[in-house]
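Here is the structure we will look at, set down as structure tokens.
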Amino acid sequence: MAVASCGGNGDVGESCENHADCASGLQCFDLTCVPRCDRHADCGDGHICRADEICELVTSEIGDDCSREVDCGPGQACHLNDEVFGGALHASCQRERAGNVLDASCTDDDDCRTGTCVIGRCVDLCVDDSDCPDQHVCPWIQRELDDDEVADFQGCLPASGNIVYPVPFTVEYDRFFLPVPSNATSVALVSSLTDPTQLVGAARVESPTGELLYQLPLSREEYFQNRLRHEPTTGVSTLIIPQTPDPVASLVAGAYVVELGSYIDLQTPGTEIPVVDVIYKLSLPTQETIRLPIHFYFLDLEEHPCAAGFDDGTLDAAAAQAAGSGFQTFATALKGIFNRNTVQLEIETATYADITGRPDLDALSEARLGDLLSLSDEDGGISVFFVRTLSPAGLQGLVGGPPCPPGRSGTRASGIVIGVDTLCYRTWIDLARTTAHEIARSLGLQRNIEPDGYTDSIAGSDSSSDNLMYYSEFGGDDLDPDQQLLLRKSPAVQ
Amino acid sequence: MKRVVLSSLALLALTRVEPAVGGGPVLAVEVRDLLGAIDFVPTEDMIDGVMGPSADLDLAELAADPQADPGIRLRALRGLALYPTDGARSTLYGVLGTLGTSTSGSDALLLRAAIEALGEIGGPDAVSAITPFLAVGSTPDVCTGMRDVRSTAADALRVIGSPTAVPALRARQVEGVNKEPCEQVSLAITEALRALLGGT
């Protein structure tokens, strides 16, 4: 097809007979001048974008082989045949279905126009990124076949952000494939129950190459022996991969095999069917752009015995926001700790809220942690609750999970709790370090060293007391580069 | 304090030693750090691991030492709940005696920790020592700052599980000047009575 970009003066929307009739940078498409194309998706169904940025009609017959959506003509879609050739799924042009378009949620192939539903969304087949719409890429994705096997194909997924895959779960305990697309940076497996007394979580995880990464730990030793650290907890639990940059237990593209369920106790099956979501974080934000929103909640802190440490003896949502307040000193210090560790904590846009009418939670016992955290109502980022005191006495903070379900409010593990009675004997700056430690745990970092000597799952990790993840209040606020990387990979961090 | 220092010296070959926060007794770093745990209560094994076989006595000395850092002292008091010995109980009673009139600051926290620990290891004999704290700092119709101590006392009586606590708990529910004005405490009292009376 000849292109003449000079001579014509047709503007966008004006009629034309050929490209020469249109102004520079435009093409004649369907007898109308339109901008030249950058990607195939710019040209619409059944067309490709040629190297010279001109859209061209594709002609294909039903049954023709295809490897990407743009290989098939108008009214057709490139459908997977679920037959494997050369390690990848074979596809052919089929009549387009009356289903959802790319990125729409789905539970079945028939829900999608292109007949391909994976990780809960409709996907177009592709060969490289240019086959996909803007802000999409073309990663390898796994698809479960009828014979309990898994095969790969390439499909368009968003280039960044989080996507959530609701895993179809119909029994109390089941085994399923967990597909991990090649553009996923991290994966969080969140399982939950309505019954807060039953345990829920994974019992076994195998890597795509068949290595056992995790099995249900029945002792503290077994917990630390697992390559992936996780244990079922009451009501809700979260398993995040990766927990280490080490190749063996890091996140790899492919199909993980997961067994998951509910339990009365670790030896007794549960009676409730879990709700299971997989949260994929796609792409790794740069240090300059990475953000963590934060939400502060205040229980009734009136007449507190440590009120001398507050401003004018008051600490609530209004007082906390006052310029120059002790709380703002705390917030600035908290932000500084995360900034030094490559995450921009969004203190300036933090939300503040009072929680009234819950005297049963003002002074919080450890057993009621889930009741308080379930009051969080701001999705995205991290929720921080301030209570009068914590029981057992001496606790300065508690963390949901850990880790917390990334970016999710309203669950029994959504956030952290800080006891303000610490201000009777420590400063706001000290409390900022304690809070930073708990936030980092909620995001998936582990204590760098346990009091009984166990270390985190990062090989060669810094186990000194200078580290932010040191278990004691007498620790530092440094994170090593591997810990910083894992923090940035958390799906809660945007 | 002497015993804590001695224990620290015994650990010198293995550990660094430095002053505790606030210029109190010298502690082995491992002891200080364990008692400074942010979000967990150290187990008896953990404490014995850093303090040695006389951990309960060392904790008792720390708990009773007014020169000790309040944060460390707080955790030492709570740590005594893991050692149900006469010495531990005696220390806890002593703290109730010396800090029983405290209404604010870290002394109020220490008092709360002592009551909580006594609830764990005091048994029925501790009921009479704890019940006065059900009304400590209470003013009719005003929910004062000592509410946390009062609710801790109710919780401790629930944990002890002795019916001898029932009259004192009920007295705080009766309309009049003795009625508990704080809902936070009232709820703890109700929970305690429910536990002691079997769900009524």
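Within each chain, counting starts at residue 1; across the structure tokens, chains are named A, B, ... in the order shown, with ligands numbered 1 upward in that order.
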
Fewer than 4 positions away in the same chain doesn't count, so skip those; otherwise give me all residues within 6 Å of range 154-168 of chain B, counting only C-alpha atoms, as a list in words.
-> Glu116, Gly119, Gly123, Pro124, Ala188, Ile189, Ala192 and Leu196 of chain B

Residues just named, written with all heavy atoms as a short mmCIF file (atom, residue, chain, number, x, y, z; two decimals), in the first residue's frame:
```cif
data_model
loop_
_atom_site.label_atom_id
_atom_site.label_comp_id
_atom_site.auth_asym_id
_atom_site.auth_seq_id
_atom_site.Cartn_x
_atom_site.Cartn_y
_atom_site.Cartn_z
N GLU B 116 -1.87 -7.31 86.13
CA GLU B 116 -2.04 -8.32 85.07
C GLU B 116 -1.24 -9.58 85.39
O GLU B 116 -1.75 -10.71 85.25
CB GLU B 116 -1.59 -7.71 83.74
CG GLU B 116 -1.94 -8.51 82.52
CD GLU B 116 -1.50 -7.78 81.26
OE1 GLU B 116 -2.23 -6.88 80.81
OE2 GLU B 116 -0.41 -8.09 80.74
N GLY B 119 -2.72 -11.51 88.17
CA GLY B 119 -3.87 -12.28 87.69
C GLY B 119 -3.44 -13.62 87.12
O GLY B 119 -4.15 -14.62 87.23
N GLY B 123 -3.39 -16.53 91.79
CA GLY B 123 -4.39 -17.46 92.31
C GLY B 123 -5.41 -16.75 93.18
O GLY B 123 -5.37 -15.52 93.32
N PRO B 124 -6.31 -17.53 93.78
CA PRO B 124 -7.38 -16.92 94.59
C PRO B 124 -6.88 -16.03 95.71
O PRO B 124 -7.56 -15.08 96.11
CB PRO B 124 -8.13 -18.15 95.14
CG PRO B 124 -7.85 -19.24 94.16
CD PRO B 124 -6.46 -18.99 93.65
N ALA B 188 -15.47 -4.80 80.94
CA ALA B 188 -14.53 -5.77 81.51
C ALA B 188 -15.13 -6.44 82.74
O ALA B 188 -14.95 -7.66 82.96
CB ALA B 188 -13.23 -5.07 81.87
N ILE B 189 -15.86 -5.66 83.54
CA ILE B 189 -16.52 -6.22 84.72
C ILE B 189 -17.59 -7.23 84.30
O ILE B 189 -17.70 -8.33 84.87
CB ILE B 189 -17.12 -5.08 85.57
CG1 ILE B 189 -15.99 -4.28 86.24
CG2 ILE B 189 -18.10 -5.63 86.61
CD1 ILE B 189 -16.44 -3.00 86.93
N ALA B 192 -15.95 -10.37 83.23
CA ALA B 192 -15.43 -11.12 84.37
C ALA B 192 -16.56 -11.86 85.09
O ALA B 192 -16.43 -13.05 85.42
CB ALA B 192 -14.71 -10.18 85.33
N LEU B 196 -17.05 -15.80 85.70
CA LEU B 196 -17.08 -16.36 87.05
C LEU B 196 -18.42 -17.02 87.37
O LEU B 196 -18.48 -17.97 88.14
CB LEU B 196 -16.82 -15.25 88.08
CG LEU B 196 -15.45 -14.57 87.99
CD1 LEU B 196 -15.30 -13.50 89.06
CD2 LEU B 196 -14.34 -15.60 88.15
#
```

Proximal residues of chain A relative to chain B (only C-alpha atoms; 9 Å) as a ChimeraX atom specification | /A:302-308,358-363,388-389,391-399,421-426,434,437-438,451-452,465,471-475

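Coordinates place CA of Phe176 in chain A at a distance of 22.7 Å from CA of Asp195 in chain A.
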
List every residue of range 131-313 of chain A that DSSP, applied to the backbone of this structure, assigns to strand (DSSP E or B), and report them as a count of residues only.
-> 90

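Comparing A:Leu212, A:Asn18, A:Gly381, A:Leu390 by their smallest distance to Ala367 in chain A, the closest is A:Leu390 (using only C-alpha atoms).
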
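Every protein, DNA or RNA residue with an atom at most 6 Å from range 152-160 of chain A, where only C-alpha atoms count and chain neighbours fewer than 2 positions away do not, is listed here: Ala88, Leu89, Val123, Asp124, Leu125, Cys126, Cys132, Gln135, His136, Val137, Cys138, Pro139, Trp140, Ile141, Gln142, Leu282 and Ser283 of chain A.
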
Please, which residues of range 55-192 of chain A, numbered as in this document, come out helix (DSSP H, G or I) from DSSP, as a PyMOL selection string?
-> chain A and resi 69-71+109-111+129-131

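Residue nearest Ile337 in chain A within the list A:Gly444, A:Leu468, A:Gly460, A:Pro406: A:Leu468 [criterion: smallest interatomic distance, only C-alpha atoms].
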
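The two atoms in question, CA of Ser262 in chain A and CA of Asp108 in chain A, are spaced 25.5 Å apart.
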
Long-range neighbours of range 237-253 of chain A as a ChimeraX atom specification, 7 Å cut-off, only C-alpha atoms, 4 positions minimum in chain = /A:180-182,186-192,200-201,213,227-228,230,232-233,401,403-405,444,457-459,482,486

Using only C-alpha atoms, which residues sit within 8 Å of Pro293 in chain A once same-chain residues fewer than 3 positions away are excluded, as a list in words?
-> Leu345, Glu346, Ile347, Thr349, Ala350, Gly380, Gly381, Ile382 and Val493 of chain A

Output for the residues just chosen: N, CA and C atoms as a compact mmCIF listing (two decimals), in the first residue's frame:
```txt
# COMPACT_ATOMS: atom_id res chain seq x y z
N LEU A 345 6.57 7.32 51.92
CA LEU A 345 5.37 7.21 52.73
C LEU A 345 4.55 8.49 52.55
N GLU A 346 3.29 8.34 52.20
CA GLU A 346 2.49 9.51 51.83
C GLU A 346 1.85 10.17 53.05
N ILE A 347 2.71 10.74 53.88
CA ILE A 347 2.22 11.41 55.09
C ILE A 347 1.36 12.61 54.74
N THR A 349 -0.69 13.12 52.46
CA THR A 349 -2.06 12.80 52.07
C THR A 349 -2.67 11.74 52.99
N ALA A 350 -2.08 11.58 54.16
CA ALA A 350 -2.60 10.59 55.11
C ALA A 350 -4.04 10.92 55.49
N GLY A 380 -6.08 0.40 50.09
CA GLY A 380 -4.81 0.92 49.59
C GLY A 380 -3.92 1.36 50.72
N GLY A 381 -2.66 1.00 50.64
CA GLY A 381 -1.71 1.43 51.65
C GLY A 381 -1.84 0.64 52.94
N ILE A 382 -1.61 1.35 54.06
CA ILE A 382 -1.56 0.68 55.35
C ILE A 382 -2.39 1.45 56.37
N VAL A 493 2.39 -1.57 48.17
CA VAL A 493 3.14 -0.38 47.80
C VAL A 493 2.85 -0.09 46.34
```
